[in-house]
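What follows is input22.pdb (PDB, C-alpha atoms).
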ATOM      1  CA  MET A   1      33.080  56.292 -75.647
ATOM      2  CA  GLU A   2      30.510  54.221 -73.749
ATOM      3  CA  LEU A   3      28.592  57.361 -72.767
ATOM      4  CA  ILE A   4      28.534  58.581 -76.383
ATOM      5  CA  ALA A   5      27.325  55.160 -77.544
ATOM      6  CA  ASN A   6      24.431  55.293 -75.058
ATOM      7  CA  ILE A   7      23.475  58.807 -76.181
ATOM      8  CA  LEU A   8      23.355  57.616 -79.793
ATOM      9  CA  LEU A   9      21.334  54.582 -78.674
ATOM     10  CA  LEU A  10      18.873  56.909 -76.930
ATOM     11  CA  VAL A  11      18.444  59.066 -80.059
ATOM     12  CA  ALA A  12      17.965  55.985 -82.255
ATOM     13  CA  GLY A  13      15.400  54.612 -79.805
ATOM     14  CA  PHE A  14      13.357  57.809 -79.872
ATOM     15  CA  PHE A  15      13.360  57.864 -83.685
ATOM     16  CA  MET A  16      12.188  54.244 -83.868
ATOM     17  CA  LEU A  17       9.437  54.932 -81.324
ATOM     18  CA  VAL A  18       8.087  57.949 -83.182
ATOM     19  CA  LYS A  19       8.097  56.301 -86.625
ATOM     20  CA  GLY A  20       6.865  52.963 -85.294
ATOM     21  CA  ALA A  21       3.965  54.551 -83.407
ATOM     22  CA  ASP A  22       2.995  56.566 -86.485
ATOM     23  CA  TRP A  23       2.748  53.443 -88.665
ATOM     24  CA  PHE A  24       1.160  51.409 -85.884
ATOM     25  CA  VAL A  25      -1.684  53.865 -85.226
ATOM     26  CA  ASP A  26      -2.435  54.473 -88.914
ATOM     27  CA  SER A  27      -2.447  50.763 -89.741
ATOM     28  CA  ALA A  28      -4.460  49.729 -86.680
ATOM     29  CA  ALA A  29      -7.063  52.402 -87.414
ATOM     30  CA  GLY A  30      -7.173  51.240 -91.054
ATOM     31  CA  ILE A  31      -7.787  47.641 -90.000
ATOM     32  CA  ALA A  32     -10.534  48.782 -87.638
ATOM     33  CA  ALA A  33     -12.275  50.715 -90.417
ATOM     34  CA  LYS A  34     -11.985  47.852 -92.922
ATOM     35  CA  LEU A  35     -13.334  45.190 -90.580
ATOM     36  CA  HIS A  36     -15.873  47.418 -88.816
ATOM     37  CA  VAL A  37     -14.081  46.911 -85.505
ATOM     38  CA  PRO A  38     -14.565  49.911 -83.188
ATOM     39  CA  GLU A  39     -11.397  51.966 -82.702
ATOM     40  CA  LEU A  40     -11.921  51.708 -78.940
ATOM     41  CA  VAL A  41     -11.637  47.913 -79.107
ATOM     42  CA  ILE A  42      -8.489  48.214 -81.233
ATOM     43  CA  GLY A  43      -7.031  50.618 -78.689
ATOM     44  CA  LEU A  44      -7.966  48.407 -75.737
ATOM     45  CA  THR A  45      -6.495  45.238 -77.248
ATOM     46  CA  LEU A  46      -4.099  45.364 -80.201
ATOM     47  CA  VAL A  47      -2.590  48.785 -79.496
ATOM     48  CA  ALA A  48      -2.610  48.308 -75.716
ATOM     49  CA  PHE A  49      -0.874  44.935 -75.944
ATOM     50  CA  GLY A  50       1.598  46.261 -78.499
ATOM     51  CA  THR A  51       2.600  49.241 -76.393
ATOM     52  CA  SER A  52       2.734  47.071 -73.240
ATOM     53  CA  ALA A  53       5.132  44.613 -74.895
ATOM     54  CA  PRO A  54       8.204  46.591 -73.715
ATOM     55  CA  GLU A  55       6.983  46.435 -70.099
ATOM     56  CA  LEU A  56       6.510  42.680 -70.390
ATOM     57  CA  SER A  57       9.916  42.038 -71.943
ATOM     58  CA  VAL A  58      11.718  44.347 -69.502
ATOM     59  CA  SER A  59       9.983  42.896 -66.429
ATOM     60  CA  LEU A  60      10.624  39.302 -67.488
ATOM     61  CA  THR A  61      14.252  40.047 -68.326
ATOM     62  CA  ALA A  62      14.809  41.899 -65.060
ATOM     63  CA  ALA A  63      13.266  39.098 -62.981
ATOM     64  CA  LEU A  64      14.630  36.057 -64.825
ATOM     65  CA  LYS A  65      18.099  37.166 -65.925
ATOM     66  CA  THR A  66      19.186  39.702 -63.319
ATOM     67  CA  GLY A  67      16.941  38.879 -60.366
ATOM     68  CA  SER A  68      15.982  42.562 -60.108
ATOM     69  CA  VAL A  69      12.381  42.063 -59.000
ATOM     70  CA  GLY A  70      12.358  45.672 -57.822
ATOM     71  CA  ILE A  71      12.687  46.760 -61.416
ATOM     72  CA  SER A  72       9.847  44.399 -62.432
ATOM     73  CA  ILE A  73       7.334  45.768 -59.910
ATOM     74  CA  GLY A  74       8.578  49.337 -60.242
ATOM     75  CA  ASN A  75       8.170  49.090 -63.995
ATOM     76  CA  VAL A  76       4.498  48.080 -63.688
ATOM     77  CA  VAL A  77       3.572  50.574 -60.966
ATOM     78  CA  GLY A  78       5.565  53.442 -62.443
ATOM     79  CA  SER A  79       4.237  52.838 -65.959
ATOM     80  CA  ASN A  80       0.628  52.841 -64.764
ATOM     81  CA  ILE A  81       1.170  56.136 -62.947
ATOM     82  CA  LEU A  82       2.934  57.791 -65.870
ATOM     83  CA  ASN A  83       0.421  56.452 -68.401
ATOM     84  CA  ILE A  84      -2.303  58.502 -66.746
ATOM     85  CA  VAL A  85      -0.778  61.582 -65.138
ATOM     86  CA  LEU A  86       1.884  62.223 -67.789
ATOM     87  CA  ILE A  87       0.679  60.676 -71.041
ATOM     88  CA  LEU A  88      -3.050  61.386 -70.816
ATOM     89  CA  GLY A  89      -2.199  64.708 -69.192
ATOM     90  CA  LEU A  90      -0.109  65.766 -72.182
ATOM     91  CA  THR A  91      -2.517  64.235 -74.705
ATOM     92  CA  SER A  92      -5.531  66.087 -73.285
ATOM     93  CA  LEU A  93      -3.678  69.378 -73.753
ATOM     94  CA  LEU A  94      -3.774  68.726 -77.511
ATOM     95  CA  CYS A  95      -7.492  68.009 -77.713
ATOM     96  CA  LYS A  96     -10.506  66.988 -75.667
ATOM     97  CA  ILE A  97     -10.574  63.228 -75.133
ATOM     98  CA  PRO A  98     -14.131  61.855 -74.972
ATOM     99  CA  CYS A  99     -14.806  58.660 -73.032
ATOM    100  CA  GLN A 100     -17.301  56.294 -74.617
ATOM    101  CA  ARG A 101     -20.105  54.474 -72.818
ATOM    102  CA  ASN A 102     -18.377  51.074 -72.990
ATOM    103  CA  SER A 103     -15.333  52.489 -71.210
ATOM    104  CA  LEU A 104     -17.498  54.071 -68.515
ATOM    105  CA  ILE A 105     -19.294  50.841 -67.636
ATOM    106  CA  LEU A 106     -16.618  48.211 -68.404
ATOM    107  CA  ASP A 107     -13.049  49.323 -69.052
ATOM    108  CA  LEU A 108     -12.600  51.927 -66.309
ATOM    109  CA  PRO A 109     -14.165  49.714 -63.593
ATOM    110  CA  TYR A 110     -12.000  46.801 -64.802
ATOM    111  CA  MET A 111      -8.874  48.963 -64.588
ATOM    112  CA  LEU A 112      -9.801  50.119 -61.078
ATOM    113  CA  GLY A 113     -10.572  46.545 -60.038
ATOM    114  CA  ALA A 114      -7.252  45.287 -61.412
ATOM    115  CA  THR A 115      -5.383  48.023 -59.522
ATOM    116  CA  VAL A 116      -7.173  47.203 -56.246
ATOM    117  CA  LEU A 117      -6.506  43.491 -56.797
ATOM    118  CA  PHE A 118      -2.815  44.265 -57.401
ATOM    119  CA  ILE A 119      -2.590  46.072 -54.050
ATOM    120  CA  ILE A 120      -4.507  43.369 -52.143
ATOM    121  CA  LEU A 121      -2.450  40.501 -53.573
ATOM    122  CA  GLY A 122       0.722  42.489 -52.932
ATOM    123  CA  TYR A 123      -0.155  42.957 -49.278
ATOM    124  CA  ILE A 124      -1.032  39.274 -48.826
ATOM    125  CA  GLY A 125       2.272  37.531 -48.300
ATOM    126  CA  SER A 126       4.178  40.742 -49.120
ATOM    127  CA  GLY A 127       4.454  39.769 -52.759
ATOM    128  CA  PHE A 128       3.044  37.900 -55.735
ATOM    129  CA  SER A 129       3.147  34.123 -55.915
ATOM    130  CA  ARG A 130       2.660  31.908 -58.948
ATOM    131  CA  LEU A 131      -0.968  31.467 -57.874
ATOM    132  CA  ASP A 132      -1.403  35.243 -57.829
ATOM    133  CA  GLY A 133       0.087  35.400 -61.305
ATOM    134  CA  THR A 134      -2.304  32.735 -62.551
ATOM    135  CA  ILE A 135      -5.281  34.641 -61.124
ATOM    136  CA  MET A 136      -4.205  37.842 -62.880
ATOM    137  CA  VAL A 137      -3.619  36.149 -66.237
ATOM    138  CA  THR A 138      -7.027  34.440 -65.989
ATOM    139  CA  LEU A 139      -8.734  37.787 -65.355
ATOM    140  CA  LEU A 140      -6.932  39.217 -68.392
ATOM    141  CA  ALA A 141      -8.208  36.360 -70.570
ATOM    142  CA  ALA A 142     -11.740  37.005 -69.268
ATOM    143  CA  TYR A 143     -11.445  40.710 -70.114
ATOM    144  CA  ILE A 144     -10.282  40.006 -73.669
ATOM    145  CA  ALA A 145     -13.104  37.482 -74.096
ATOM    146  CA  ILE A 146     -15.661  40.096 -73.012
ATOM    147  CA  LEU A 147     -14.260  42.612 -75.515
ATOM    148  CA  VAL A 148     -14.366  40.044 -78.320
ATOM    149  CA  VAL A 149     -17.988  39.115 -77.556
ATOM    150  CA  LEU A 150     -19.056  42.781 -77.420
ATOM    151  CA  SER A 151     -17.235  43.503 -80.684
ATOM    152  CA  ILE A 152     -18.894  40.540 -82.435
ATOM    153  CA  ARG A 153     -22.328  41.660 -81.235
ATOM    154  CA  GLN A 154     -21.753  45.188 -82.454
ATOM    155  CA  LYS A 155     -20.439  43.912 -85.773
ATOM    156  CA  THR A 156     -23.449  41.601 -86.202
ATOM    157  CA  ASN A 157     -25.827  44.486 -85.548
ATOM    158  CA  LEU A 158     -23.990  46.591 -88.115
ATOM    159  CA  PHE A 159     -24.255  43.836 -90.708
ATOM    160  CA  ALA A 160     -27.968  43.452 -90.003
ATOM    161  CA  GLU A 161     -28.489  47.179 -90.664
ATOM    162  CA  GLU A 162     -26.403  47.164 -93.828
ATOM    163  CA  ASP A 163     -28.117  44.115 -95.319
ATOM    164  CA  ASP A 164     -31.627  45.361 -94.443
ATOM    165  CA  GLY A 165     -32.840  42.140 -92.899
ATOM    166  CA  GLU A 166     -30.751  39.637 -94.847
ATOM    167  CA  GLU A 167     -29.358  36.563 -93.171
ATOM    168  CA  ASN A 168     -26.312  36.983 -90.891
ATOM    169  CA  GLU A 169     -24.423  34.399 -92.941
ATOM    170  CA  SER A 170     -24.596  36.679 -95.977
ATOM    171  CA  ALA A 171     -23.394  39.632 -93.902
ATOM    172  CA  ILE A 172     -20.441  37.678 -92.567
ATOM    173  CA  ALA A 173     -19.582  36.532 -96.068
ATOM    174  CA  ALA A 174     -19.644  40.148 -97.214
ATOM    175  CA  TRP A 175     -17.321  41.033 -94.339
ATOM    176  CA  PHE A 176     -14.772  38.414 -95.350
ATOM    177  CA  SER A 177     -14.944  39.621 -98.944
ATOM    178  CA  LYS A 178     -13.534  42.952 -97.739
ATOM    179  CA  MET A 179     -10.336  41.292 -96.535
ATOM    180  CA  ASN A 180      -8.431  42.155 -99.686
ATOM    181  CA  GLU A 181      -4.729  42.796-100.232
ATOM    182  CA  LYS A 182      -4.885  46.158 -98.491
ATOM    183  CA  ILE A 183      -5.882  44.443 -95.237
ATOM    184  CA  TRP A 184      -2.768  42.296 -95.355
ATOM    185  CA  PHE A 185      -0.647  45.326 -96.194
ATOM    186  CA  LEU A 186      -2.069  47.119 -93.157
ATOM    187  CA  MET A 187      -1.314  44.069 -91.015
ATOM    188  CA  VAL A 188       2.275  44.032 -92.252
ATOM    189  CA  MET A 189       2.666  47.741 -91.516
ATOM    190  CA  THR A 190       1.158  47.205 -88.062
ATOM    191  CA  ALA A 191       3.710  44.466 -87.382
ATOM    192  CA  ILE A 192       6.592  46.640 -88.626
ATOM    193  CA  GLY A 193       5.409  49.501 -86.438
ATOM    194  CA  LEU A 194       5.190  47.178 -83.449
ATOM    195  CA  VAL A 195       8.730  45.882 -84.037
ATOM    196  CA  LEU A 196      10.064  49.442 -84.198
ATOM    197  CA  ILE A 197       8.209  50.317 -80.998
ATOM    198  CA  ILE A 198       9.578  47.311 -79.095
ATOM    199  CA  TYR A 199      13.180  47.677 -80.220
ATOM    200  CA  GLY A 200      13.100  51.456 -79.917
ATOM    201  CA  SER A 201      11.841  51.141 -76.369
ATOM    202  CA  ASP A 202      14.538  48.572 -75.614
ATOM    203  CA  PHE A 203      17.232  50.967 -76.844
ATOM    204  CA  VAL A 204      15.847  53.797 -74.710
ATOM    205  CA  VAL A 205      15.601  51.591 -71.615
ATOM    206  CA  LYS A 206      19.142  50.244 -71.964
ATOM    207  CA  SER A 207      20.688  53.675 -72.407
ATOM    208  CA  SER A 208      18.595  55.160 -69.570
ATOM    209  CA  THR A 209      19.465  52.294 -67.240
ATOM    210  CA  PHE A 210      23.173  52.724 -67.966
ATOM    211  CA  ILE A 211      23.002  56.385 -66.971
ATOM    212  CA  ALA A 212      20.953  55.631 -63.842
ATOM    213  CA  ARG A 213      23.230  52.841 -62.630
ATOM    214  CA  THR A 214      26.266  55.016 -63.246
ATOM    215  CA  CYS A 215      24.739  57.500 -60.811
ATOM    216  CA  GLY A 216      24.175  54.754 -58.201
ATOM    217  CA  VAL A 217      20.368  54.820 -58.215
ATOM    218  CA  SER A 218      18.445  51.904 -56.562
ATOM    219  CA  ASP A 219      16.461  49.291 -58.496
ATOM    220  CA  ARG A 220      13.187  50.647 -57.053
ATOM    221  CA  ILE A 221      13.837  54.195 -58.256
ATOM    222  CA  ILE A 222      15.148  52.940 -61.601
ATOM    223  CA  GLY A 223      11.978  50.876 -62.098
ATOM    224  CA  LEU A 224       9.643  53.704 -61.073
ATOM    225  CA  THR A 225      11.359  56.386 -63.137
ATOM    226  CA  MET A 226      13.864  55.555 -65.885
ATOM    227  CA  ILE A 227      12.461  52.121 -66.794
ATOM    228  CA  ALA A 228       8.832  53.171 -66.323
ATOM    229  CA  PHE A 229       9.344  56.245 -68.484
ATOM    230  CA  GLY A 230      11.280  54.313 -71.110
ATOM    231  CA  THR A 231       8.699  51.547 -71.423
ATOM    232  CA  SER A 232       5.869  54.118 -71.346
ATOM    233  CA  LEU A 233       7.305  55.959 -74.328
ATOM    234  CA  PRO A 234       5.316  53.763 -76.771
ATOM    235  CA  GLU A 235       2.104  54.720 -74.962
ATOM    236  CA  LEU A 236       3.156  58.378 -74.949
ATOM    237  CA  VAL A 237       4.042  58.522 -78.632
ATOM    238  CA  THR A 238       1.083  56.354 -79.668
ATOM    239  CA  SER A 239      -1.495  58.329 -77.670
ATOM    240  CA  VAL A 240      -0.177  61.725 -78.772
ATOM    241  CA  THR A 241       0.013  60.527 -82.387
ATOM    242  CA  ALA A 242      -3.512  59.095 -82.207
ATOM    243  CA  ALA A 243      -4.892  62.313 -80.701
ATOM    244  CA  ARG A 244      -3.092  64.427 -83.310
ATOM    245  CA  LYS A 245      -4.713  62.310 -86.031
ATOM    246  CA  GLY A 246      -8.150  62.613 -84.412
ATOM    247  CA  LYS A 247      -8.187  58.974 -83.219
ATOM    248  CA  THR A 248      -9.099  59.838 -79.629
ATOM    249  CA  ASP A 249     -10.702  56.443 -79.007
ATOM    250  CA  ILE A 250      -7.345  54.793 -79.684
ATOM    251  CA  ALA A 251      -5.612  57.365 -77.454
ATOM    252  CA  ILE A 252      -7.689  56.693 -74.338
ATOM    253  CA  GLY A 253      -8.232  53.008 -75.132
ATOM    254  CA  ASN A 254      -4.469  52.609 -75.404
ATOM    255  CA  ILE A 255      -3.914  53.961 -71.873
ATOM    256  CA  ILE A 256      -6.770  52.123 -70.160
ATOM    257  CA  GLY A 257      -5.902  48.890 -71.952
ATOM    258  CA  SER A 258      -2.176  49.294 -71.251
ATOM    259  CA  ASN A 259      -2.794  49.761 -67.520
ATOM    260  CA  ILE A 260      -4.939  46.628 -67.454
ATOM    261  CA  PHE A 261      -2.313  44.705 -69.442
ATOM    262  CA  ASN A 262       0.520  45.988 -67.241
ATOM    263  CA  ILE A 263      -1.075  44.582 -64.110
ATOM    264  CA  LEU A 264      -2.795  41.428 -65.328
ATOM    265  CA  CYS A 265      -0.316  40.473 -68.074
ATOM    266  CA  VAL A 266       3.084  41.990 -67.203
ATOM    267  CA  ALA A 267       2.930  41.433 -63.440
ATOM    268  CA  GLY A 268       0.816  38.292 -63.847
ATOM    269  CA  VAL A 269       3.023  36.534 -66.394
ATOM    270  CA  THR A 270       6.225  37.547 -64.572
ATOM    271  CA  ALA A 271       4.860  36.228 -61.259
ATOM    272  CA  CYS A 272       4.031  32.918 -62.951
ATOM    273  CA  PHE A 273       7.769  32.476 -63.554
ATOM    274  CA  VAL A 274       9.344  34.223 -60.562
ATOM    275  CA  PRO A 275       7.716  35.204 -57.236
ATOM    276  CA  LEU A 276       7.815  38.999 -56.876
ATOM    277  CA  GLU A 277       8.322  40.983 -53.671
ATOM    278  CA  PHE A 278       5.992  43.892 -52.959
ATOM    279  CA  SER A 279       7.829  45.547 -50.076
ATOM    280  CA  GLY A 280       8.769  49.155 -50.710
ATOM    281  CA  PHE A 281       5.980  49.771 -53.248
ATOM    282  CA  HIS A 282       3.017  50.351 -50.936
ATOM    283  CA  ALA A 283       2.859  54.148 -51.302
ATOM    284  CA  ASP A 284       3.599  53.958 -55.037
ATOM    285  CA  SER A 285       0.772  51.459 -55.581
ATOM    286  CA  PHE A 286      -1.689  53.749 -53.837
ATOM    287  CA  MET A 287      -0.448  56.556 -56.073
ATOM    288  CA  ALA A 288      -1.272  54.316 -59.054
ATOM    289  CA  LEU A 289      -4.749  53.752 -57.591
ATOM    290  CA  GLY A 290      -5.162  57.494 -57.062
ATOM    291  CA  ALA A 291      -4.220  58.172 -60.687
ATOM    292  CA  ALA A 292      -6.726  55.542 -61.858
ATOM    293  CA  LEU A 293      -9.454  57.097 -59.690
ATOM    294  CA  LEU A 294      -8.644  60.560 -61.066
ATOM    295  CA  LEU A 295      -9.011  59.270 -64.627
ATOM    296  CA  ALA A 296     -12.296  57.549 -63.782
ATOM    297  CA  ILE A 297     -13.721  60.635 -62.066
ATOM    298  CA  LEU A 298     -12.804  62.911 -64.986
ATOM    299  CA  CYS A 299     -14.503  60.494 -67.386
ATOM    300  CA  TRP A 300     -17.590  60.017 -65.204
ATOM    301  CA  LEU A 301     -18.177  63.748 -64.771
ATOM    302  CA  PRO A 302     -20.910  65.347 -66.952
ATOM    303  CA  GLY A 303     -19.720  65.491 -70.526
ATOM    304  CA  HIS A 304     -17.701  62.275 -70.101
ATOM    305  CA  ALA A 305     -14.457  63.676 -71.480
ATOM    306  CA  ILE A 306     -10.984  64.694 -70.337
ATOM    307  CA  ARG A 307     -10.602  68.400 -70.996
ATOM    308  CA  ARG A 308      -7.573  70.652 -70.852
ATOM    309  CA  TRP A 309      -8.105  71.531 -67.192
ATOM    310  CA  GLY A 310      -8.116  67.814 -66.401
ATOM    311  CA  GLY A 311      -4.824  67.480 -68.250
ATOM    312  CA  PHE A 312      -3.281  70.233 -66.128
ATOM    313  CA  LEU A 313      -4.558  68.453 -63.014
ATOM    314  CA  MET A 314      -2.939  65.210 -64.136
ATOM    315  CA  LEU A 315       0.380  66.934 -64.901
ATOM    316  CA  ALA A 316       0.312  68.546 -61.454
ATOM    317  CA  GLY A 317       0.030  65.048 -60.010
ATOM    318  CA  PHE A 318       2.975  63.938 -62.149
ATOM    319  CA  PHE A 319       5.258  66.719 -60.907
ATOM    320  CA  ALA A 320       4.163  66.106 -57.321
ATOM    321  CA  TYR A 321       5.008  62.409 -57.633
ATOM    322  CA  MET A 322       8.405  63.147 -59.204
ATOM    323  CA  ALA A 323       9.128  65.564 -56.343
ATOM    324  CA  LYS A 324       8.218  62.866 -53.829
ATOM    325  CA  LEU A 325      10.616  60.394 -55.447
ATOM    326  CA  ALA A 326      13.371  62.992 -55.600
ATOM    327  CA  LEU A 327      13.008  63.717 -51.879
ATOM    328  CA  ALA A 328      12.746  60.045 -50.854
TER     329      ALA A 328
END

Starting from the file, lay out its structure as C-alpha cells.
Amino acid sequence: MELIANILLLVAGFFMLVKGADWFVDSAAGIAAKLHVPELVIGLTLVAFGTSAPELSVSLTAALKTGSVGISIGNVVGSNILNIVLILGLTSLLCKIPCQRNSLILDLPYMLGATVLFIILGYIGSGFSRLDGTIMVTLLAAYIAILVVLSIRQKTNLFAEEDDGEENESAIAAWFSKMNEKIWFLMVMTAIGLVLIIYGSDFVVKSSTFIARTCGVSDRIIGLTMIAFGTSLPELVTSVTAARKGKTDIAIGNIIGSNIFNILCVAGVTACFVPLEFSGFHADSFMALGAALLLAILCWLPGHAIRRWGGFLMLAGFFAYMAKLALA
C-alpha cells in the first residue's frame, strides 16, 4: 500500500508541476510585457527564484531536520549539473535558444564565478561555514541589485523614447497607470503557479526519496540524482514550456538564474544555519563547473545561441555523468 501511495504521489506531483509551470510562465511573461520589464530579467529573478524554491526548502529541511548535509550539498551540485546538461539540452532540441548581450557580459560570468567560489570555499576547511554562507548571500543580494538597476535604466530609456522628450516623472506616472486589475490577476496566477510548482516538487521528491531509501542508496547519491532531479523538475518544465511558447529569454534566464540562486541562496542560506561538509563532492563540483563552462562557450561562440548540436552535446554529458554515478 505504501508503494502504491508513493506512485500516486509521484503522478500528482508531475501534474502539479506541469500545470503550475504553465501558469507561472504565462503570468510572468504577461507581467513583464505590462511593466516593460525584459523577459530575461524576469527569468533571471522571479522565475529563477520560484523554480529554485524547492531546492531551498529541501536543502534546509535535510540539513535542519534530518542532519543529512550530504543531501543538501548533493541537491545543489546535482541540480546545477542537471539544469544545464539535461534541461537546456532537452530545451535546445525544441528550438534555438539565443543568448542576449546582458547574459554574455554579466549573467554567465556571474554564474561561472559563483561556481568557482563554491569550489574554493568548499575546499577551504572541507566545508561551508556560517561566514561562507554570509558571503554567498551577500553576493546574491549584489547580483539582484545589479539586475534591478539595469532594468530601471532600460525602463527609463524606454519611457524617454515613448514620451518623445517629456519629463521622466510623467513617464513613470504613465507606467503606474498601466497597473490595472489585469496586473493583479497576473500576479495572483503567478503565485498560484508557484505554489503548485513548490508542492508538486515536494510530492515528487518525497516519493522518489522513499524509493531510493528502500533500495539502500547513500545520501550523496540520493542528493545528486533523485533529489536533484526532483527539485530540477520545475526548471525542466518551466524552461520547456517557455521555449514551446517562444519565451526563450525566460528559458535560458531561468537556468542561469537558478544555478546562481542554487549556489548563493540555497547553499548560502543553508550554511548560515548549519555548517555543511564538502567531502565527497569534489569531482561532482568540477562536473558542475564543466557544465557551466560548456554553456558559456556555446553562448560565446559566433551567433551567441544554443543550437540543436549543442543540445546533443549537453545530453551526451548528462548520460556520461549518470554512467559515472552508476559505476561509482

Item to complete: Name the residues that the PyMOL selection byres ((chain A and resi 180-196) around 6) pulls out of this structure, and write them as a ChimeraX atom specification.
Response: /A:16,20,23-24,27,178-179,197-200

Worksheet entry | Residue nearest A:Ala305 - candidates A:Ile81, A:Ile252, A:Ile221, A:Ile135, atoms counted: all atoms listed in the file |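 Once distances to A:Ala305 are computed over all atoms listed in the file, the minimum belongs to A:Ile252.
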
Practice prompt. Kindly resolve the PyMOL selection byres ((chain A and resi 91) around 12) on the present coordinates and return the residues as a PyMOL selection string.
Written response: chain A and resi 83-90+92-98+235-248+250-252+254-255+306-312+314-315

Item to complete: Determine the residue set returned by the PyMOL selection byres ((chain A and resi 127) around 8) for the present structure, and present it as a ChimeraX atom specification.
Response: /A:121-126,128-129,275-279

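Across A:Leu301, A:Ile4, A:Val266, A:Ile260, the tightest approach to A:Leu104 is made by A:Leu301 when counting all atoms listed in the file.
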
Discussion item. Between atom CA of A:Ile144 and atom CA of A:Leu295, what distance in Å does the model show, to one decimal?
Written reply: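 About the pair atom CA of A:Ile144 and atom CA of A:Leu295: they are 21.3 Å apart.
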
Worksheet item: Pick the closest to A:Ser151 from A:Val137, A:Leu35, A:Cys99, A:Leu117: which is it, counting all atoms listed in the file?
Response: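 Among A:Val137, A:Leu35, A:Cys99, A:Leu117, it is A:Leu35 that comes nearest to A:Ser151.
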
Distance query A:Ile105 at most 12 Å, only C-alpha atoms, self and fewer than 5 positions along chain excluded, as a tab-separated table (two decimals) with C-alpha atoms, in the frame of the given file:
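Below you can see around20.tsv, which holds the result:
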chain	number	residue	atom	x	y	z
A	99	CYS	CA	-14.81	58.66	-73.03
A	100	GLN	CA	-17.30	56.29	-74.62
A	110	TYR	CA	-12.00	46.80	-64.80
A	111	MET	CA	-8.87	48.96	-64.59
A	112	LEU	CA	-9.80	50.12	-61.08
A	296	ALA	CA	-12.30	57.55	-63.78
A	299	CYS	CA	-14.50	60.49	-67.39
A	300	TRP	CA	-17.59	60.02	-65.20
A	304	HIS	CA	-17.70	62.28	-70.10

Tell me, as a short mmCIF file (atom, residue, chain, number, x, y, z; two decimals) with C-alpha atoms, in the frame of the given file, which residues lie within 7 Å of stretch 6-12 of chain A, counting all atoms listed in the file; anything in the same chain fewer than 2 positions away does not count.
data_model
loop_
_atom_site.label_atom_id
_atom_site.label_comp_id
_atom_site.auth_asym_id
_atom_site.auth_seq_id
_atom_site.Cartn_x
_atom_site.Cartn_y
_atom_site.Cartn_z
CA GLU A 2 30.51 54.22 -73.75
CA LEU A 3 28.59 57.36 -72.77
CA ILE A 4 28.53 58.58 -76.38
CA PHE A 14 13.36 57.81 -79.87
CA PHE A 15 13.36 57.86 -83.68
CA MET A 16 12.19 54.24 -83.87
CA PHE A 203 17.23 50.97 -76.84
CA VAL A 204 15.85 53.80 -74.71
CA SER A 207 20.69 53.68 -72.41
#

Worksheet item: In Å, with one decimal, what is the gap from atom CA of A:Met226 to atom CA of A:Thr214?
Response: 12.7 Å

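Considering the residues A:Gly30, A:Pro302, A:Gly257, A:Pro234 and counting only C-alpha atoms, A:Leu147 has its shortest atom-to-atom contact with A:Gly257.
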
Worksheet item: So which residues fall inside 12 Å of (-7.9, 35.3, -65.0) if we count all atoms listed in the file? Mind giving them as a PyMOL selection string?
Response: chain A and resi 114+117+131-145+260-261+263-265+268-269

Discussion item. Could you check the closest approach to A:Val274 for each of A:Asp22, A:Val149, A:Leu294, A:Arg130 and tell me which residue wins, using all atoms listed in the file?
Written reply: A:Arg130

Would you compute an axis-aligned box for stretch 80-84 of chain A, covering every atom listed for it in the file with 5 Å of margin on each side, and report centre and edge lengths in Å to one decimal as lines of an AutoDock Vina configuration file?
center_x = 0.3
center_y = 55.7
center_z = -65.7
size_x = 15.2
size_y = 15.7
size_z = 15.5

Repaired coordinates for stretch 83-94 of chain A (N, CA and C atoms) as a CSV table (one decimal), in the frame of the given file:
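See out_17.csv below for the written result:
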chain,number,residue,atom,x,y,z
A,83,ASN,N,1.4,56.6,-67.3
A,83,ASN,CA,0.4,56.5,-68.4
A,83,ASN,C,-0.7,57.4,-68.2
A,84,ILE,N,-1.2,57.6,-67.0
A,84,ILE,CA,-2.3,58.5,-66.7
A,84,ILE,C,-1.9,60.0,-66.5
A,85,VAL,N,-1.1,60.2,-65.5
A,85,VAL,CA,-0.8,61.6,-65.1
A,85,VAL,C,0.1,62.3,-66.1
A,86,LEU,N,1.0,61.6,-66.8
A,86,LEU,CA,1.9,62.2,-67.8
A,86,LEU,C,1.3,62.1,-69.2
A,87,ILE,N,1.0,60.9,-69.6
A,87,ILE,CA,0.7,60.7,-71.0
A,87,ILE,C,-0.7,61.2,-71.4
A,88,LEU,N,-1.7,60.8,-70.6
A,88,LEU,CA,-3.0,61.4,-70.8
A,88,LEU,C,-3.1,62.9,-70.5
A,89,GLY,N,-2.3,63.3,-69.5
A,89,GLY,CA,-2.2,64.7,-69.2
A,89,GLY,C,-1.7,65.5,-70.4
A,90,LEU,N,-0.6,65.1,-71.0
A,90,LEU,CA,-0.1,65.8,-72.2
A,90,LEU,C,-1.1,65.7,-73.4
A,91,THR,N,-1.6,64.5,-73.6
A,91,THR,CA,-2.5,64.2,-74.7
A,91,THR,C,-3.8,65.1,-74.6
A,92,SER,N,-4.3,65.3,-73.4
A,92,SER,CA,-5.5,66.1,-73.3
A,92,SER,C,-5.3,67.6,-73.5
A,93,LEU,N,-4.0,68.0,-73.4
A,93,LEU,CA,-3.7,69.4,-73.8
A,93,LEU,C,-3.8,69.7,-75.3
A,94,LEU,N,-3.7,68.6,-76.1
A,94,LEU,CA,-3.8,68.7,-77.5
A,94,LEU,C,-5.2,68.8,-78.0
